[in-house]
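The structure appears below as structure tokens.
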Amino acid sequence: MATKYVDKDSGNNGNSGNSAGAAYATLAYALAALGAGDTLYIEASTTDYVWTAATLPDNVTLIGSVAPNPVTSEYVRVNAGGGNSIWQLSGSFTAHKIWFYNHPQTGSSQFYPLRTFTGNRVLTFEDCIISDCGSLMSTASRGGTIGGGS
């Protein structure tokens, strides 16, 4: 289990990602570096991180550096840009202090547990904001869907 860091304002994808001072620059690059049980710390920015398609291993945890606050413009906001992006999960997933934004009502932006995963899938969101999302989570043929417009 490793800890990685991403900072869109001062990171660099040429860094190791192993400390705040050696953070990656893009969320896609950081997500691709994660293994099972890893944690990714995401530094706050006044601009959005871009939501990209990713396949995440089991028990990944994403932690924003500050609780989202739209009033002070301090947040870690992951923006789908209104496009279709799917984060496929091979197991459980946890997010803390992240604002998931602009996932379209009719699109396919969602957390989607892979059908090949046979254990329990637990998706946990703590101190998160989920806004302008039509279909954020799908549990395939088991369970239900959490979502809602705006």
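All residue names refer to the structure tokens as shown: chains lettered A, B, ... in order, residues numbered from 1 in each chain, ligands numbered from 1 in order.
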Could you give me, as a compact mmCIF listing (two decimals) with N, CA, C and O atoms, in the first residue's frame, each residue of range 23-60 of chain A that DSSP assigns to strand (DSSP E) when run on this structure's backbone?
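Result file follows (result_3.txt):
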# COMPACT_ATOMS: atom_id res chain seq x y z
N THR A 39 -3.45 5.12 -1.46
CA THR A 39 -4.12 6.37 -1.14
C THR A 39 -3.55 7.47 -2.01
O THR A 39 -2.33 7.55 -2.19
N LEU A 40 -4.41 8.33 -2.55
CA LEU A 40 -3.98 9.47 -3.34
C LEU A 40 -4.44 10.74 -2.64
O LEU A 40 -5.64 10.94 -2.43
N TYR A 41 -3.48 11.60 -2.28
CA TYR A 41 -3.79 12.92 -1.72
C TYR A 41 -3.83 13.91 -2.87
O TYR A 41 -2.91 13.99 -3.68
N ILE A 42 -4.92 14.69 -2.93
CA ILE A 42 -5.13 15.64 -4.01
C ILE A 42 -5.11 17.04 -3.44
O ILE A 42 -5.95 17.39 -2.60
N TYR A 49 -9.80 19.70 -11.41
CA TYR A 49 -9.11 18.54 -11.95
C TYR A 49 -10.04 17.95 -13.01
O TYR A 49 -11.26 18.02 -12.88
N VAL A 50 -9.49 17.38 -14.04
CA VAL A 50 -10.31 16.83 -15.12
C VAL A 50 -10.60 15.37 -14.83
O VAL A 50 -9.70 14.59 -14.51
N ALA A 54 -10.82 5.82 -15.96
CA ALA A 54 -9.76 5.13 -15.23
C ALA A 54 -10.29 3.80 -14.73
O ALA A 54 -11.48 3.65 -14.49
N THR A 55 -9.40 2.84 -14.59
CA THR A 55 -9.73 1.59 -13.92
C THR A 55 -8.95 1.57 -12.62
O THR A 55 -7.71 1.59 -12.64
N LEU A 56 -9.66 1.60 -11.51
CA LEU A 56 -9.01 1.69 -10.21
C LEU A 56 -8.95 0.32 -9.54
O LEU A 56 -9.94 -0.41 -9.55
N VAL A 60 -8.96 1.64 -3.17
CA VAL A 60 -8.28 2.91 -3.39
C VAL A 60 -9.00 3.99 -2.60
O VAL A 60 -10.22 4.01 -2.51
Taking only C-alpha atoms into account, which of A:Ala23, A:Val78, A:Cys128, A:Ile63 comes nearest Thr46 in chain A? A:Val78
For Tyr75 in chain A, which of A:Phe100, A:Trp51, A:Phe93, A:Trp87 is the closest residue, counting only C-alpha atoms? A:Phe100
Excluding range 7-13 of chain A and its own-chain neighbours fewer than 2 positions away, which residues fall within 6 Å of it when counting only C-alpha atoms? Please give them as number ranges by chain. A: 15, 23-26, 43
Would you output that residue set with all heavy atoms, as a PDB file, in the first residue's frame?
ATOM      1  N   ASN A  15       7.694  13.705 -11.746  1.00  0.00           N
ATOM      2  CA  ASN A  15       8.013  13.460 -10.339  1.00  0.00           C
ATOM      3  C   ASN A  15       7.671  12.026  -9.948  1.00  0.00           C
ATOM      4  O   ASN A  15       6.958  11.328 -10.664  1.00  0.00           O
ATOM      5  CB  ASN A  15       7.243  14.433  -9.439  1.00  0.00           C
ATOM      6  CG  ASN A  15       7.750  15.853  -9.544  1.00  0.00           C
ATOM      7  OD1 ASN A  15       8.859  16.092  -9.988  1.00  0.00           O
ATOM      8  ND2 ASN A  15       6.918  16.801  -9.145  1.00  0.00           N
ATOM      9  N   ALA A  23       4.878  15.826  -6.138  1.00  0.00           N
ATOM     10  CA  ALA A  23       3.546  15.432  -6.602  1.00  0.00           C
ATOM     11  C   ALA A  23       3.482  15.354  -8.120  1.00  0.00           C
ATOM     12  O   ALA A  23       4.210  16.051  -8.837  1.00  0.00           O
ATOM     13  CB  ALA A  23       2.509  16.436  -6.106  1.00  0.00           C
ATOM     14  N   TYR A  24       2.566  14.495  -8.597  1.00  0.00           N
ATOM     15  CA  TYR A  24       2.232  14.471 -10.017  1.00  0.00           C
ATOM     16  C   TYR A  24       1.430  15.726 -10.344  1.00  0.00           C
ATOM     17  O   TYR A  24       0.869  16.372  -9.464  1.00  0.00           O
ATOM     18  CB  TYR A  24       1.376  13.250 -10.355  1.00  0.00           C
ATOM     19  CG  TYR A  24       2.037  11.916 -10.112  1.00  0.00           C
ATOM     20  CD1 TYR A  24       1.411  10.955  -9.334  1.00  0.00           C
ATOM     21  CD2 TYR A  24       3.263  11.598 -10.684  1.00  0.00           C
ATOM     22  CE1 TYR A  24       1.985   9.709  -9.125  1.00  0.00           C
ATOM     23  CE2 TYR A  24       3.858  10.361 -10.471  1.00  0.00           C
ATOM     24  CZ  TYR A  24       3.212   9.420  -9.696  1.00  0.00           C
ATOM     25  OH  TYR A  24       3.781   8.197  -9.487  1.00  0.00           O
ATOM     26  N   ALA A  25       1.293  16.031 -11.640  1.00  0.00           N
ATOM     27  CA  ALA A  25       0.553  17.221 -12.065  1.00  0.00           C
ATOM     28  C   ALA A  25      -0.877  16.923 -12.482  1.00  0.00           C
ATOM     29  O   ALA A  25      -1.751  17.772 -12.326  1.00  0.00           O
ATOM     30  CB  ALA A  25       1.277  17.899 -13.228  1.00  0.00           C
ATOM     31  N   THR A  26      -1.133  15.746 -13.022  1.00  0.00           N
ATOM     32  CA  THR A  26      -2.472  15.472 -13.543  1.00  0.00           C
ATOM     33  C   THR A  26      -3.112  14.301 -12.807  1.00  0.00           C
ATOM     34  O   THR A  26      -2.440  13.346 -12.406  1.00  0.00           O
ATOM     35  CB  THR A  26      -2.438  15.169 -15.051  1.00  0.00           C
ATOM     36  OG1 THR A  26      -1.675  13.997 -15.283  1.00  0.00           O
ATOM     37  CG2 THR A  26      -1.862  16.340 -15.838  1.00  0.00           C
ATOM     38  N   GLU A  43      -4.169  17.850  -3.904  1.00  0.00           N
ATOM     39  CA  GLU A  43      -4.021  19.216  -3.403  1.00  0.00           C
ATOM     40  C   GLU A  43      -5.130  20.102  -3.962  1.00  0.00           C
ATOM     41  O   GLU A  43      -5.514  19.989  -5.130  1.00  0.00           O
ATOM     42  CB  GLU A  43      -2.653  19.781  -3.804  1.00  0.00           C
ATOM     43  CG  GLU A  43      -2.355  21.145  -3.232  1.00  0.00           C
ATOM     44  CD  GLU A  43      -2.398  21.184  -1.706  1.00  0.00           C
ATOM     45  OE1 GLU A  43      -1.923  20.240  -1.058  1.00  0.00           O
ATOM     46  OE2 GLU A  43      -2.919  22.183  -1.158  1.00  0.00           O
TER      47      GLU A  43
END
So what do you get for CA of Ser65 in chain A versus CA of Asp132 in chain A, distance-wise?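 Interatomic distance, CA of Ser65 in chain A to CA of Asp132 in chain A: 22.1 Å.
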Best match for closeness to Pro68 in chain A among A:Leu89, A:Leu123, A:Leu31, A:Ser131, counting only C-alpha atoms: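 The answer is A:Ser131, which sits nearest to Pro68 in chain A.
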Fewer than 5 positions away in the same chain doesn't count, so skip those; otherwise give me all residues within 12 Å of Asn59 in chain A, counting only C-alpha atoms, as a PDB file with N, CA, C and O atoms, in the first residue's frame.
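Listed below is the output, selection-v3.pdb:
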ATOM      1  N   MET A   1       0.845  -1.179   0.000  1.00  0.00           N
ATOM      2  CA  MET A   1       0.000   0.000   0.000  1.00  0.00           C
ATOM      3  C   MET A   1       0.888   1.239   0.000  1.00  0.00           C
ATOM      4  O   MET A   1       1.703   1.434   0.883  1.00  0.00           O
ATOM      5  N   ALA A   2       0.714   2.063  -1.014  1.00  0.00           N
ATOM      6  CA  ALA A   2       1.525   3.262  -1.173  1.00  0.00           C
ATOM      7  C   ALA A   2       0.656   4.505  -1.036  1.00  0.00           C
ATOM      8  O   ALA A   2      -0.562   4.447  -1.168  1.00  0.00           O
ATOM      9  N   LEU A  34      -1.732   4.171  -9.228  1.00  0.00           N
ATOM     10  CA  LEU A  34      -2.249   3.556  -8.004  1.00  0.00           C
ATOM     11  C   LEU A  34      -2.341   2.036  -8.111  1.00  0.00           C
ATOM     12  O   LEU A  34      -2.649   1.496  -9.158  1.00  0.00           O
ATOM     13  N   GLY A  35      -2.078   1.383  -6.984  1.00  0.00           N
ATOM     14  CA  GLY A  35      -2.260  -0.055  -6.863  1.00  0.00           C
ATOM     15  C   GLY A  35      -3.299  -0.345  -5.790  1.00  0.00           C
ATOM     16  O   GLY A  35      -3.826   0.570  -5.140  1.00  0.00           O
ATOM     17  N   ALA A  36      -3.601  -1.593  -5.582  1.00  0.00           N
ATOM     18  CA  ALA A  36      -4.599  -1.998  -4.581  1.00  0.00           C
ATOM     19  C   ALA A  36      -4.221  -1.464  -3.209  1.00  0.00           C
ATOM     20  O   ALA A  36      -3.072  -1.575  -2.780  1.00  0.00           O
ATOM     21  N   GLY A  37      -5.191  -0.844  -2.541  1.00  0.00           N
ATOM     22  CA  GLY A  37      -4.990  -0.333  -1.193  1.00  0.00           C
ATOM     23  C   GLY A  37      -4.268   0.994  -1.109  1.00  0.00           C
ATOM     24  O   GLY A  37      -4.017   1.498  -0.017  1.00  0.00           O
ATOM     25  N   ASP A  38      -3.930   1.600  -2.244  1.00  0.00           N
ATOM     26  CA  ASP A  38      -3.187   2.863  -2.240  1.00  0.00           C
ATOM     27  C   ASP A  38      -4.093   4.045  -1.900  1.00  0.00           C
ATOM     28  O   ASP A  38      -5.309   3.992  -2.063  1.00  0.00           O
ATOM     29  N   THR A  39      -3.448   5.119  -1.462  1.00  0.00           N
ATOM     30  CA  THR A  39      -4.123   6.368  -1.137  1.00  0.00           C
ATOM     31  C   THR A  39      -3.546   7.474  -2.008  1.00  0.00           C
ATOM     32  O   THR A  39      -2.326   7.554  -2.185  1.00  0.00           O
ATOM     33  N   LEU A  40      -4.412   8.331  -2.555  1.00  0.00           N
ATOM     34  CA  LEU A  40      -3.984   9.474  -3.336  1.00  0.00           C
ATOM     35  C   LEU A  40      -4.445  10.744  -2.642  1.00  0.00           C
ATOM     36  O   LEU A  40      -5.640  10.939  -2.428  1.00  0.00           O
ATOM     37  N   LEU A  89     -14.217   0.228 -11.159  1.00  0.00           N
ATOM     38  CA  LEU A  89     -13.671  -0.161  -9.866  1.00  0.00           C
ATOM     39  C   LEU A  89     -13.541  -1.670  -9.805  1.00  0.00           C
ATOM     40  O   LEU A  89     -14.486  -2.389 -10.091  1.00  0.00           O
ATOM     41  N   SER A  90     -12.371  -2.134  -9.407  1.00  0.00           N
ATOM     42  CA  SER A  90     -12.207  -3.580  -9.248  1.00  0.00           C
ATOM     43  C   SER A  90     -12.537  -4.006  -7.831  1.00  0.00           C
ATOM     44  O   SER A  90     -12.354  -5.147  -7.457  1.00  0.00           O
ATOM     45  N   GLY A  91     -13.025  -3.082  -7.036  1.00  0.00           N
ATOM     46  CA  GLY A  91     -13.417  -3.399  -5.670  1.00  0.00           C
ATOM     47  C   GLY A  91     -13.974  -2.175  -4.982  1.00  0.00           C
ATOM     48  O   GLY A  91     -14.694  -1.387  -5.581  1.00  0.00           O
ATOM     49  N   SER A  92     -13.621  -1.988  -3.733  1.00  0.00           N
ATOM     50  CA  SER A  92     -14.137  -0.875  -2.944  1.00  0.00           C
ATOM     51  C   SER A  92     -13.392   0.418  -3.262  1.00  0.00           C
ATOM     52  O   SER A  92     -12.269   0.405  -3.758  1.00  0.00           O
ATOM     53  N   PHE A  93     -14.034   1.542  -2.937  1.00  0.00           N
ATOM     54  CA  PHE A  93     -13.503   2.856  -3.246  1.00  0.00           C
ATOM     55  C   PHE A  93     -13.952   3.825  -2.158  1.00  0.00           C
ATOM     56  O   PHE A  93     -15.090   3.758  -1.705  1.00  0.00           O
ATOM     57  N   THR A  94     -13.066   4.726  -1.749  1.00  0.00           N
ATOM     58  CA  THR A  94     -13.404   5.735  -0.740  1.00  0.00           C
ATOM     59  C   THR A  94     -12.927   7.105  -1.218  1.00  0.00           C
ATOM     60  O   THR A  94     -11.811   7.235  -1.727  1.00  0.00           O
ATOM     61  N   ALA A  95     -13.780   8.113  -1.047  1.00  0.00           N
ATOM     62  CA  ALA A  95     -13.415   9.494  -1.367  1.00  0.00           C
ATOM     63  C   ALA A  95     -13.700  10.364  -0.151  1.00  0.00           C
ATOM     64  O   ALA A  95     -14.747  10.237   0.480  1.00  0.00           O
ATOM     65  N   PRO A 113     -18.577  -0.661 -10.771  1.00  0.00           N
ATOM     66  CA  PRO A 113     -17.856  -1.852 -10.319  1.00  0.00           C
ATOM     67  C   PRO A 113     -17.752  -2.868 -11.450  1.00  0.00           C
ATOM     68  O   PRO A 113     -18.742  -3.228 -12.064  1.00  0.00           O
ATOM     69  N   GLY A 119     -16.155  -9.873  -4.909  1.00  0.00           N
ATOM     70  CA  GLY A 119     -16.351  -9.592  -3.484  1.00  0.00           C
ATOM     71  C   GLY A 119     -17.360  -8.482  -3.252  1.00  0.00           C
ATOM     72  O   GLY A 119     -18.096  -8.084  -4.145  1.00  0.00           O
ATOM     73  N   ASN A 120     -17.391  -7.981  -2.026  1.00  0.00           N
ATOM     74  CA  ASN A 120     -18.278  -6.868  -1.691  1.00  0.00           C
ATOM     75  C   ASN A 120     -17.721  -5.577  -2.272  1.00  0.00           C
ATOM     76  O   ASN A 120     -16.525  -5.332  -2.227  1.00  0.00           O
ATOM     77  N   ARG A 121     -18.602  -4.754  -2.799  1.00  0.00           N
ATOM     78  CA  ARG A 121     -18.207  -3.444  -3.316  1.00  0.00           C
ATOM     79  C   ARG A 121     -18.753  -2.389  -2.365  1.00  0.00           C
ATOM     80  O   ARG A 121     -19.962  -2.287  -2.198  1.00  0.00           O
ATOM     81  N   VAL A 122     -17.881  -1.620  -1.794  1.00  0.00           N
ATOM     82  CA  VAL A 122     -18.313  -0.569  -0.883  1.00  0.00           C
ATOM     83  C   VAL A 122     -17.781   0.755  -1.414  1.00  0.00           C
ATOM     84  O   VAL A 122     -16.567   0.954  -1.504  1.00  0.00           O
ATOM     85  N   LEU A 123     -18.692   1.640  -1.806  1.00  0.00           N
ATOM     86  CA  LEU A 123     -18.323   2.975  -2.250  1.00  0.00           C
ATOM     87  C   LEU A 123     -18.662   3.937  -1.129  1.00  0.00           C
ATOM     88  O   LEU A 123     -19.814   4.019  -0.698  1.00  0.00           O
ATOM     89  N   THR A 124     -17.663   4.651  -0.632  1.00  0.00           N
ATOM     90  CA  THR A 124     -17.845   5.543   0.505  1.00  0.00           C
ATOM     91  C   THR A 124     -17.463   6.962   0.109  1.00  0.00           C
ATOM     92  O   THR A 124     -16.389   7.185  -0.437  1.00  0.00           O
TER      93      THR A 124
END
